[in-house]
Number of protein chains: 4
Amino acid sequence: MYCFNNDYSEGAHPQIMKALIEASLDQHSGYSMDTHTEHAKELIKKEIQREDADIHILVGGTQTNMITISAALRPHQAVIAAETGHINVHETGAVESTGHKVLTQYSPDGKLTPDLIQKTLDWHTDEHMVQPKMVYISNTTEIGTQYTLSELESLSRFCRQNGLYLFLDGARLGAALTSPINDMSLADIARLTDVFYIGGTKNGALFGEALVITHPDLKPDFRYMIKQKGAMLAKGFLLGIQFEELFQNNLFYDCASHANEMAAILKKTFQDCGFSFLSDSATNQQFPILPNDLIEKLRESYEFQNQQKIDDSHTAVRFVTSWATKEEAVRRFTEDFRRLAGK
Amino acid sequence: MYCFNNDYSEGAHPQIMKALIEASLDQHSGYSMDTHTEHAKELIKKEIQREDADIHILVGGTQTNMITISAALRPHQAVIAAETGHINVHETGAVESTGHKVLTQYSPDGKLTPDLIQKTLDWHTDEHMVQPKMVYISNTTEIGTQYTLSELESLSRFCRQNGLYLFLDGARLGAALTSPINDMSLADIARLTDVFYIGGTKNGALFGEALVITHPDLKPDFRYMIKQKGAMLAKGFLLGIQFEELFQNNLFYDCASHANEMAAILKKTFQDCGFSFLSDSATNQQFPILPNDLIEKLRESYEFQNQQKIDDSHTAVRFVTSWATKEEAVRRFTEDFRRLAGK
Amino acid sequence: MYCFNNDYSEGAHPQIMKALIEASLDQHSGYSMDTHTEHAKELIKKEIQREDADIHILVGGTQTNMITISAALRPHQAVIAAETGHINVHETGAVESTGHKVLTQYSPDGKLTPDLIQKTLDWHTDEHMVQPKMVYISNTTEIGTQYTLSELESLSRFCRQNGLYLFLDGARLGAALTSPINDMSLADIARLTDVFYIGGTKNGALFGEALVITHPDLKPDFRYMIKQKGAMLAKGFLLGIQFEELFQNNLFYDCASHANEMAAILKKTFQDCGFSFLSDSATNQQFPILPNDLIEKLRESYEFQNQQKIDDSHTAVRFVTSWATKEEAVRRFTEDFRRLAGK
Amino acid sequence: MYCFNNDYSEGAHPQIMKALIEASLDQHSGYSMDTHTEHAKELIKKEIQREDADIHILVGGTQTNMITISAALRPHQAVIAAETGHINVHETGAVESTGHKVLTQYSPDGKLTPDLIQKTLDWHTDEHMVQPKMVYISNTTEIGTQYTLSELESLSRFCRQNGLYLFLDGARLGAALTSPINDMSLADIARLTDVFYIGGTKNGALFGEALVITHPDLKPDFRYMIKQKGAMLAKGFLLGIQFEELFQNNLFYDCASHANEMAAILKKTFQDCGFSFLSDSATNQQFPILPNDLIEKLRESYEFQNQQKIDDSHTAVRFVTSWATKEEAVRRFTEDFRRLAGK
């Protein structure tokens, strides 16, 4: 049985594990006040070309979304997301648990646009309704799509004109930045958003999301928010060490490139066999629409998730690759798939 | 410079690091649904002699306190704690951030008693005040003291008679259970409380707190609460592996015993030199009251925290040892201390 | 200028004002523990034929929705509403401010059905998503439509089968119960829902909503919730006196009947002039779709709200009548309208 | 039976009831956007000599405290109060329900001082603890005492130096301002605090608390907060009319003076009979310490509350007078008391 059901099945890249072992018996300052974290932040600041950014490395994505959004908003303010946005669907109401409404717009490709945001603004005009104040996007999105530089520029301009904070969830940012169709850099993202994070959990680390705050209004007292939400890791140096490794020797990009390459093989296999996709993804999540009987046969040897029922005999399924996906497993899958699909 | 300022300066016990490395490239189910976590839970259930317990392994202590308390209480209900209780002081209002008041009683030794709890109950009698529903205790306490079996039995009886949940914060439970004056077992704690946790972060693990729920009312839907508060680790197998190691071959107890033994050497040193203590601790936290000029000299070679000003020339300070504290460092400290103290 | 923009422009029915004056200099017990409130509850219990109900009279609707929903749900649970539901749109995120997500379904007539609710249930299946636990409906709805007895029975059966609480917002319940197409009684509603309220603010009272709780799980400690949310009126006897009057001598029904009759005249006027409606309402809110230039002319003498843009030259507007609407004003409007509409 | 148990037993002053009746059949704009409210605000601004103040008239005290505090604080911030502060004791955790900790200091006279606040600041120094940001005082206090101008000036100076908002709960502000020992005006309070309110519920109105915001940081979007917490009264003109009356023809001060005068008679009675007091109050709440057997006899004809057990045979009780307290009842009480006390 080989798992394509997510990108967090394995531990960490061996280079990261090695660094963790080596530092394990040293004494470190607690709560991310250690030298490894300091160094990791320097590396990230250099990469994003923003010396003025505040950086906090947190353990997980839901935690990071919840803390960032609740730290930014006053009680009556809301965040706008695509209907498919992770905060709207798969975080058990974490944002609402901090008191804030998630306002959604339907978007077939999982991306927000100024027009969609404007629709929400048009509707929310007085104190009988919540006040939209932040825009949440994810890159890659929950369905594997990604923003172009021009799309992000346009969103950024719109948000600034309308007094909205722009927050980019980068749980799978590595996959976006190394995809064949990507045309932006971490520095672009730092320039165009107000706050974003660089996902480690799904890209080589045991865990860890590096939150980058560039908007000055969002910086004050952020460590209080981390602590209050139970997210301040006692041994914060573990986070620092992992991001040191990710941002040395190109590891962050190498891990993501590998994941995308493995997904590209899967994508080509599905395409060659004549299947269509739920979304057009150039990244490590692929959503082919397959016949249910083929899905059943594949499940004898492979794990993957159902995404959405298409009709009585077809289902869109999700295949995910990662830094740890073995090429031989992908090759074997390709052979098995072609055979089972009769192509 | 050697650090006695906390028990989370180092990484994990080598045996745990080894297990983490070995499993790093395997594929595991996500979100603590893996086989390592399953095994760790079995080991803990056996140790506590409660097959019916629900166990959830979480990353950190504040997180565990916040989730447990907010999952147990209805909106108008409150938790009772000693004034020194971690939830009252050092968690940045995490409990209040979920909507609940922490009701406190002053207790010189950091422990609650039925009499102290009764005082709070006497005062809270109608709907114009919050309704006390849970009692929070820590063992060891924040000032190194610990409960006896008879004290815990008496608290347990009182709480059950008064419809109060009894929750024991065991961030330093290892230290309590291996102290020379301890007279209770994990099985006793499981029997006498409604929910408690076994601390890993401060006792050999990189991180991890194993929450044990025995009261049936506290079990339903607990995983929803974990996820909502951003505390469901994607790679939950990391937690499972660590607790597998802690509860095999006595590692949990060995780590804590070592910490207590190192602290006993420090304690004897302070006593021999004629100093008194803020609290009477037989565990890995010691709070000697020292002259300020001596403290200043010690700080040239050792890190430790101020706990409390005593008078203009004396301060109670905190020395903490852990599974990783080196005996040679303790011996060197002893010599340095005797010399500087002029004894 | 005459106002049709809402049903809370005037104070209270003279019979209610008289009762308030008469009791003003008496001494009453505070916080709704007075004899008038006791009597009002008895009158309501008789009307709904449920001696076992718990009744609490609150000041306003948003307050009542927020308290009822937050008292009923555990932190990870959510309430299902129509997209147009008042709690989803016009309460400034009050429900979310207590930590709970509002899950919505689009419904053209503002009413929920078992099929729509089932869609939400199908989607919410594990701990990565909120758990639906309550269904919120309003009668009349926000767009003037209303449930039939058979629809309510079907919703009630579905909710009980699926472990969902059924909550009916009756801010305009009088209008529903006295409409020409109504086929249910207050007793039916008490039997088929788990909790509902009888609106006074929009039906003859200065303010006041009588919440009726029939489900035993929703009763405990409800007064704590009222107090905690700042909703316990010191002079609660003011609420009791008003509901005493409403449920004596048929005043509640008379007030609502008058409002509906006035609206029926408006409706006939719009129909006679050939205009269509946004929704099919037999109650005190009418939503005709009118040409923008006609709307502009009407605004010179009448106040009413825009509901929704239909196309570049037409808008759906809202006309609301109440117990206080003067028949002569409606007659005058009718004449003005026919003249301005050129019919 | 005559009630001295609180100052909200009766309805409203006849002058207010008359105004309510007269306006009852007029059409008013909803949600406090009406002309009466506008006029009331103008009268209050004139009285406090602050044209720049934002004024919002709310229904009740707990509501006003909860909204004001939660609107002012970021999630990690806390409010400082005396242990006896209404928000700490008698609001069922309303402040905590919005996520904020109430930090308390023991104060025998129920008043805060710079020294007491400094103690809290000294303790709260980093992100592991909540951040104090607001100071809550009440005038009169919950035990009938009151601030002098010089005390308020000193608090104001301290709060401004330390970046703390100063919030004065004026539920019984009338009693303070008309007491024989008062030396400040509403204009002083407006000048020295950042936000405060003028209580109507306990001083002549059916209900209503006029919140005055002078600090510019606390003004934005306040109406959103009111609506979100369910506190925006549909018929807000009821609040406006009542404060119009209170601030015309000196009614606000006359009502409070009467209450204080009635209390002074009670106070003199207790003093003359040789009894001491729990607190030194010159206002409408008196807390004599009486023998339990005398208390029992008094209860046959009078209602009043127990405040605190003093010893096995004595209890401090609370007598409260109001604008509506009848002088003849007070005289009768005086006679009864002297007789029963055997003096």
# chains A, B, ... in the order shown; residues from 1 in each chain; ligands from 1

call {"tool": "residues_around", "arguments": {"residues": "B:Ile241", "least_positions_apart": "6", "cutoff": "10 Å", "atoms": "only C-alpha atoms", "output": "PyMOL selection string"}}
result
chain B and resi 16-17+19-20+23+34-40+205

call {"tool": "write_last_selection", "arguments": {"atoms": "N, CA and C atoms", "output": "mmCIF file, in the first residue's frame"}}
result
data_model
loop_
_atom_site.group_PDB
_atom_site.id
_atom_site.type_symbol
_atom_site.label_atom_id
_atom_site.label_comp_id
_atom_site.auth_asym_id
_atom_site.auth_seq_id
_atom_site.Cartn_x
_atom_site.Cartn_y
_atom_site.Cartn_z
ATOM 1 N N ILE B 16 14.489 8.626 22.428
ATOM 2 C CA ILE B 16 13.345 9.180 21.682
ATOM 3 C C ILE B 16 13.795 9.708 20.330
ATOM 4 N N MET B 17 14.921 10.401 20.309
ATOM 5 C CA MET B 17 15.419 10.914 19.033
ATOM 6 C C MET B 17 15.666 9.766 18.065
ATOM 7 N N ALA B 19 14.157 6.877 17.946
ATOM 8 C CA ALA B 19 12.880 6.362 17.442
ATOM 9 C C ALA B 19 12.286 7.282 16.392
ATOM 10 N N LEU B 20 12.435 8.591 16.606
ATOM 11 C CA LEU B 20 11.898 9.551 15.636
ATOM 12 C C LEU B 20 12.610 9.427 14.292
ATOM 13 N N ALA B 23 11.585 6.245 12.301
ATOM 14 C CA ALA B 23 10.252 6.225 11.701
ATOM 15 C C ALA B 23 10.045 7.351 10.702
ATOM 16 N N ASP B 34 -2.529 7.223 13.627
ATOM 17 C CA ASP B 34 -1.494 6.271 13.237
ATOM 18 C C ASP B 34 -1.312 5.162 14.261
ATOM 19 N N THR B 35 -0.527 4.164 13.892
ATOM 20 C CA THR B 35 -0.324 2.982 14.748
ATOM 21 C C THR B 35 0.587 3.282 15.944
ATOM 22 N N HIS B 36 1.531 4.174 15.801
ATOM 23 C CA HIS B 36 2.373 4.525 16.958
ATOM 24 C C HIS B 36 1.530 5.159 18.061
ATOM 25 N N THR B 37 0.670 6.063 17.673
ATOM 26 C CA THR B 37 -0.190 6.707 18.663
ATOM 27 C C THR B 37 -1.107 5.668 19.308
ATOM 28 N N GLU B 38 -1.626 4.770 18.487
ATOM 29 C CA GLU B 38 -2.486 3.704 19.015
ATOM 30 C C GLU B 38 -1.721 2.901 20.073
ATOM 31 N N HIS B 39 -0.488 2.569 19.760
ATOM 32 C CA HIS B 39 0.334 1.777 20.677
ATOM 33 C C HIS B 39 0.644 2.562 21.956
ATOM 34 N N ALA B 40 0.982 3.841 21.777
ATOM 35 C CA ALA B 40 1.280 4.670 22.949
ATOM 36 C C ALA B 40 0.074 4.729 23.876
ATOM 37 N N ALA B 205 10.729 14.318 26.316
ATOM 38 C CA ALA B 205 10.254 14.429 24.938
ATOM 39 C C ALA B 205 10.609 15.791 24.347
#

call {"tool": "select_by_dssp", "arguments": {"residues": "stretch 72-221 of chain B", "states": "strand (DSSP E or B)", "output": "VMD selection string"}}
result
chain B and resid 77 to 82 102 to 105 131 to 138 165 to 169 195 to 199 209 to 213

call {"tool": "write_last_selection", "arguments": {"atoms": "C-alpha atoms", "output": "PDB file, in the first residue's frame"}}
result
ATOM      1  CA  GLN B  77     -19.191  28.128  34.109  1.00  0.00           C
ATOM      2  CA  ALA B  78     -15.828  28.785  35.739  1.00  0.00           C
ATOM      3  CA  VAL B  79     -12.763  26.909  36.878  1.00  0.00           C
ATOM      4  CA  ILE B  80     -11.295  27.201  40.372  1.00  0.00           C
ATOM      5  CA  ALA B  81      -7.525  27.413  40.765  1.00  0.00           C
ATOM      6  CA  ALA B  82      -4.909  28.411  43.287  1.00  0.00           C
ATOM      7  CA  VAL B 102     -10.722  31.588  36.561  1.00  0.00           C
ATOM      8  CA  LEU B 103     -11.778  31.845  40.201  1.00  0.00           C
ATOM      9  CA  THR B 104      -8.825  31.865  42.558  1.00  0.00           C
ATOM     10  CA  GLN B 105      -8.005  31.261  46.189  1.00  0.00           C
ATOM     11  CA  GLN B 131     -20.996  28.979  38.239  1.00  0.00           C
ATOM     12  CA  PRO B 132     -17.954  27.023  39.483  1.00  0.00           C
ATOM     13  CA  LYS B 133     -17.840  23.676  37.679  1.00  0.00           C
ATOM     14  CA  MET B 134     -14.218  22.527  37.471  1.00  0.00           C
ATOM     15  CA  VAL B 135     -11.272  22.446  39.851  1.00  0.00           C
ATOM     16  CA  TYR B 136      -7.781  22.837  38.383  1.00  0.00           C
ATOM     17  CA  ILE B 137      -4.786  21.585  40.312  1.00  0.00           C
ATOM     18  CA  SER B 138      -1.207  21.003  39.219  1.00  0.00           C
ATOM     19  CA  TYR B 165     -14.846  18.133  37.577  1.00  0.00           C
ATOM     20  CA  LEU B 166     -11.335  17.586  38.942  1.00  0.00           C
ATOM     21  CA  PHE B 167      -8.603  18.356  36.402  1.00  0.00           C
ATOM     22  CA  LEU B 168      -4.934  17.718  37.183  1.00  0.00           C
ATOM     23  CA  ASP B 169      -2.265  19.523  35.166  1.00  0.00           C
ATOM     24  CA  VAL B 195      -9.179  14.335  33.460  1.00  0.00           C
ATOM     25  CA  PHE B 196      -5.418  14.833  33.792  1.00  0.00           C
ATOM     26  CA  TYR B 197      -2.340  14.915  31.662  1.00  0.00           C
ATOM     27  CA  ILE B 198       1.096  13.375  31.666  1.00  0.00           C
ATOM     28  CA  GLY B 199       3.754  15.874  30.700  1.00  0.00           C
ATOM     29  CA  GLU B 209       1.294  16.114  26.790  1.00  0.00           C
ATOM     30  CA  ALA B 210      -0.850  12.990  27.038  1.00  0.00           C
ATOM     31  CA  LEU B 211      -4.327  13.955  28.135  1.00  0.00           C
ATOM     32  CA  VAL B 212      -6.281  11.192  29.885  1.00  0.00           C
ATOM     33  CA  ILE B 213     -10.062  11.607  30.123  1.00  0.00           C
TER      34      ILE B 213
END

call {"tool": "closest_residue", "arguments": {"among": "B:Leu206, B:Glu303, B:Glu244, B:Lys227", "to": "A:Gly60", "atoms": "only C-alpha atoms"}}
result
B:Lys227

call {"tool": "select_by_dssp", "arguments": {"residues": "stretch 161-340 of chain A", "states": "alpha helix (DSSP H)", "output": "PDB file with C-alpha atoms, in the first residue's frame"}}
result
ATOM      1  CA  GLN A 161      -7.433  50.892  -1.838  1.00  0.00           C
ATOM      2  CA  LEU A 173       3.637  27.904  -0.849  1.00  0.00           C
ATOM      3  CA  GLY A 174       6.681  25.854  -1.852  1.00  0.00           C
ATOM      4  CA  ALA A 175       4.588  23.965  -4.387  1.00  0.00           C
ATOM      5  CA  ALA A 176       3.295  27.226  -5.821  1.00  0.00           C
ATOM      6  CA  LEU A 177       6.708  28.860  -6.093  1.00  0.00           C
ATOM      7  CA  LEU A 186       8.855  35.161  -1.988  1.00  0.00           C
ATOM      8  CA  ALA A 187       9.952  38.782  -2.207  1.00  0.00           C
ATOM      9  CA  ASP A 188       6.970  39.560  -4.431  1.00  0.00           C
ATOM     10  CA  ILE A 189       4.637  37.978  -1.914  1.00  0.00           C
ATOM     11  CA  ALA A 190       6.199  39.890   0.955  1.00  0.00           C
ATOM     12  CA  ARG A 191       5.774  43.088  -1.022  1.00  0.00           C
ATOM     13  CA  LEU A 192       2.178  42.491  -2.095  1.00  0.00           C
ATOM     14  CA  PHE A 222       1.961  39.339  18.376  1.00  0.00           C
ATOM     15  CA  ARG A 223       3.799  37.072  20.815  1.00  0.00           C
ATOM     16  CA  TYR A 224       0.988  37.635  23.313  1.00  0.00           C
ATOM     17  CA  MET A 225      -1.465  36.262  20.766  1.00  0.00           C
ATOM     18  CA  ILE A 226       0.725  33.216  20.132  1.00  0.00           C
ATOM     19  CA  LYS A 227       0.965  32.446  23.810  1.00  0.00           C
ATOM     20  CA  GLN A 228      -2.716  33.036  24.495  1.00  0.00           C
ATOM     21  CA  PHE A 237      14.423  26.116  18.840  1.00  0.00           C
ATOM     22  CA  LEU A 238      13.003  23.032  17.109  1.00  0.00           C
ATOM     23  CA  LEU A 239      11.172  25.363  14.753  1.00  0.00           C
ATOM     24  CA  GLY A 240      14.176  27.587  14.291  1.00  0.00           C
ATOM     25  CA  ILE A 241      16.467  24.699  13.395  1.00  0.00           C
ATOM     26  CA  GLN A 242      14.056  23.373  10.795  1.00  0.00           C
ATOM     27  CA  PHE A 243      13.687  26.699   9.020  1.00  0.00           C
ATOM     28  CA  GLU A 244      17.435  27.254   9.169  1.00  0.00           C
ATOM     29  CA  GLU A 245      17.813  24.068   7.169  1.00  0.00           C
ATOM     30  CA  LEU A 246      14.957  24.862   4.786  1.00  0.00           C
ATOM     31  CA  LEU A 251      16.239  22.851   0.564  1.00  0.00           C
ATOM     32  CA  PHE A 252      12.829  24.582   0.698  1.00  0.00           C
ATOM     33  CA  TYR A 253      12.679  24.831  -3.088  1.00  0.00           C
ATOM     34  CA  ASP A 254      14.225  21.421  -3.732  1.00  0.00           C
ATOM     35  CA  CYS A 255      11.650  19.681  -1.574  1.00  0.00           C
ATOM     36  CA  ALA A 256       8.782  21.425  -3.334  1.00  0.00           C
ATOM     37  CA  SER A 257      10.205  20.872  -6.805  1.00  0.00           C
ATOM     38  CA  HIS A 258      10.422  17.184  -6.157  1.00  0.00           C
ATOM     39  CA  ALA A 259       6.803  17.059  -5.037  1.00  0.00           C
ATOM     40  CA  ASN A 260       5.668  18.927  -8.142  1.00  0.00           C
ATOM     41  CA  GLU A 261       7.705  16.706 -10.429  1.00  0.00           C
ATOM     42  CA  MET A 262       6.189  13.594  -8.939  1.00  0.00           C
ATOM     43  CA  ALA A 263       2.710  15.100  -9.346  1.00  0.00           C
ATOM     44  CA  ALA A 264       3.459  15.987 -12.950  1.00  0.00           C
ATOM     45  CA  ILE A 265       4.099  12.324 -13.696  1.00  0.00           C
ATOM     46  CA  LEU A 266       0.759  11.420 -12.158  1.00  0.00           C
ATOM     47  CA  LYS A 267      -0.972  14.212 -14.070  1.00  0.00           C
ATOM     48  CA  LYS A 268       0.485  13.066 -17.366  1.00  0.00           C
ATOM     49  CA  THR A 269      -0.629   9.530 -16.616  1.00  0.00           C
ATOM     50  CA  PHE A 270      -4.218  10.623 -16.012  1.00  0.00           C
ATOM     51  CA  GLN A 271      -4.138  12.843 -19.099  1.00  0.00           C
ATOM     52  CA  ASP A 272      -2.648  10.175 -21.311  1.00  0.00           C
ATOM     53  CA  ASN A 292     -15.847   4.599  -9.590  1.00  0.00           C
ATOM     54  CA  ASP A 293     -14.899   1.035 -10.531  1.00  0.00           C
ATOM     55  CA  LEU A 294     -11.376   2.109 -11.444  1.00  0.00           C
ATOM     56  CA  ILE A 295     -11.123   3.983  -8.132  1.00  0.00           C
ATOM     57  CA  GLU A 296     -12.120   0.846  -6.297  1.00  0.00           C
ATOM     58  CA  LYS A 297      -9.419  -1.203  -7.971  1.00  0.00           C
ATOM     59  CA  LEU A 298      -6.771   1.436  -7.327  1.00  0.00           C
ATOM     60  CA  GLU A 327       9.837   8.124  -7.761  1.00  0.00           C
ATOM     61  CA  GLU A 328       9.742   4.331  -7.944  1.00  0.00           C
ATOM     62  CA  ALA A 329       6.347   4.338  -6.264  1.00  0.00           C
ATOM     63  CA  VAL A 330       5.073   6.885  -8.755  1.00  0.00           C
ATOM     64  CA  ARG A 331       6.432   4.836 -11.646  1.00  0.00           C
ATOM     65  CA  ARG A 332       4.791   1.710 -10.287  1.00  0.00           C
ATOM     66  CA  PHE A 333       1.530   3.591  -9.864  1.00  0.00           C
ATOM     67  CA  THR A 334       1.743   4.779 -13.466  1.00  0.00           C
ATOM     68  CA  GLU A 335       2.097   1.244 -14.709  1.00  0.00           C
ATOM     69  CA  ASP A 336      -0.678  -0.046 -12.473  1.00  0.00           C
ATOM     70  CA  PHE A 337      -2.956   2.781 -13.493  1.00  0.00           C
ATOM     71  CA  ARG A 338      -2.459   2.313 -17.232  1.00  0.00           C
ATOM     72  CA  ARG A 339      -3.086  -1.389 -16.846  1.00  0.00           C
ATOM     73  CA  LEU A 340      -6.196  -0.973 -14.716  1.00  0.00           C
TER      74      LEU A 340
END

call {"tool": "interface_residues", "arguments": {"of": "chain C", "to": "chain D", "cutoff": "7 Å", "atoms": "only C-alpha atoms", "output": "number ranges by chain"}}
result
C: 8-12, 17, 21, 24-30, 60, 62-63, 91-94, 224, 227-231, 233-235

call {"tool": "residues_around", "arguments": {"residues": "B:Gly144", "least_positions_apart": "5", "cutoff": "10 Å", "atoms": "only C-alpha atoms", "output": "list in words"}}
result
Asp109, Gly110, Ser138, Asn139, Arg172, Ala175, Ala176, Leu278, Ser279, Asp280, Ser281, Ala282, Thr283, Asn284, Gln285, Gln286, Phe287, Arg318 and Val320 of chain B

call {"tool": "decode", "arguments": {"residues": "stretch 234-285 of chain D", "atoms": "C-alpha atoms", "output": "short mmCIF file (atom, residue, chain, number, x, y, z; two decimals), in the first residue's frame"}}
result
data_model
loop_
_atom_site.label_atom_id
_atom_site.label_comp_id
_atom_site.auth_asym_id
_atom_site.auth_seq_id
_atom_site.Cartn_x
_atom_site.Cartn_y
_atom_site.Cartn_z
CA ALA D 234 -35.00 48.78 17.90
CA LYS D 235 -37.03 51.56 19.52
CA GLY D 236 -33.99 53.52 20.61
CA PHE D 237 -36.09 56.65 20.87
CA LEU D 238 -37.30 55.29 24.22
CA LEU D 239 -33.78 55.80 25.52
CA GLY D 240 -33.49 59.21 23.95
CA ILE D 241 -36.73 60.46 25.45
CA GLN D 242 -35.75 59.36 28.93
CA PHE D 243 -32.38 61.11 28.86
CA GLU D 244 -33.99 64.21 27.38
CA GLU D 245 -36.13 64.37 30.48
CA LEU D 246 -33.29 63.55 32.87
CA PHE D 247 -31.17 66.36 31.53
CA GLN D 248 -33.91 68.97 31.35
CA ASN D 249 -35.03 70.84 34.45
CA ASN D 250 -32.40 69.22 36.66
CA LEU D 251 -34.35 65.94 36.95
CA PHE D 252 -31.20 63.76 36.97
CA TYR D 253 -29.81 65.61 39.99
CA ASP D 254 -33.16 65.94 41.75
CA CYS D 255 -33.81 62.23 41.59
CA ALA D 256 -30.39 61.42 43.01
CA SER D 257 -30.58 64.06 45.72
CA HIS D 258 -33.84 62.63 46.95
CA ALA D 259 -32.33 59.15 47.15
CA ASN D 260 -29.34 60.44 49.09
CA GLU D 261 -31.53 62.39 51.49
CA MET D 262 -33.64 59.36 52.24
CA ALA D 263 -30.49 57.33 52.84
CA ALA D 264 -29.12 60.01 55.15
CA ILE D 265 -32.15 59.59 57.37
CA LEU D 266 -31.55 55.85 57.53
CA LYS D 267 -27.87 56.41 58.23
CA LYS D 268 -28.58 58.77 61.06
CA THR D 269 -31.03 56.27 62.53
CA PHE D 270 -28.43 53.50 62.54
CA GLN D 271 -25.81 55.86 63.96
CA ASP D 272 -28.08 57.20 66.63
CA CYS D 273 -28.76 53.67 67.75
CA GLY D 274 -25.05 53.04 68.06
CA PHE D 275 -24.43 50.78 65.10
CA SER D 276 -21.34 50.85 62.93
CA PHE D 277 -21.06 50.39 59.16
CA LEU D 278 -19.23 48.17 56.71
CA SER D 279 -18.26 51.22 54.67
CA ASP D 280 -18.46 54.95 55.06
CA SER D 281 -21.15 55.93 52.60
CA ALA D 282 -22.70 59.35 52.05
CA THR D 283 -24.90 58.03 49.25
CA ASN D 284 -28.00 55.97 48.62
CA GLN D 285 -26.54 52.65 49.77
#
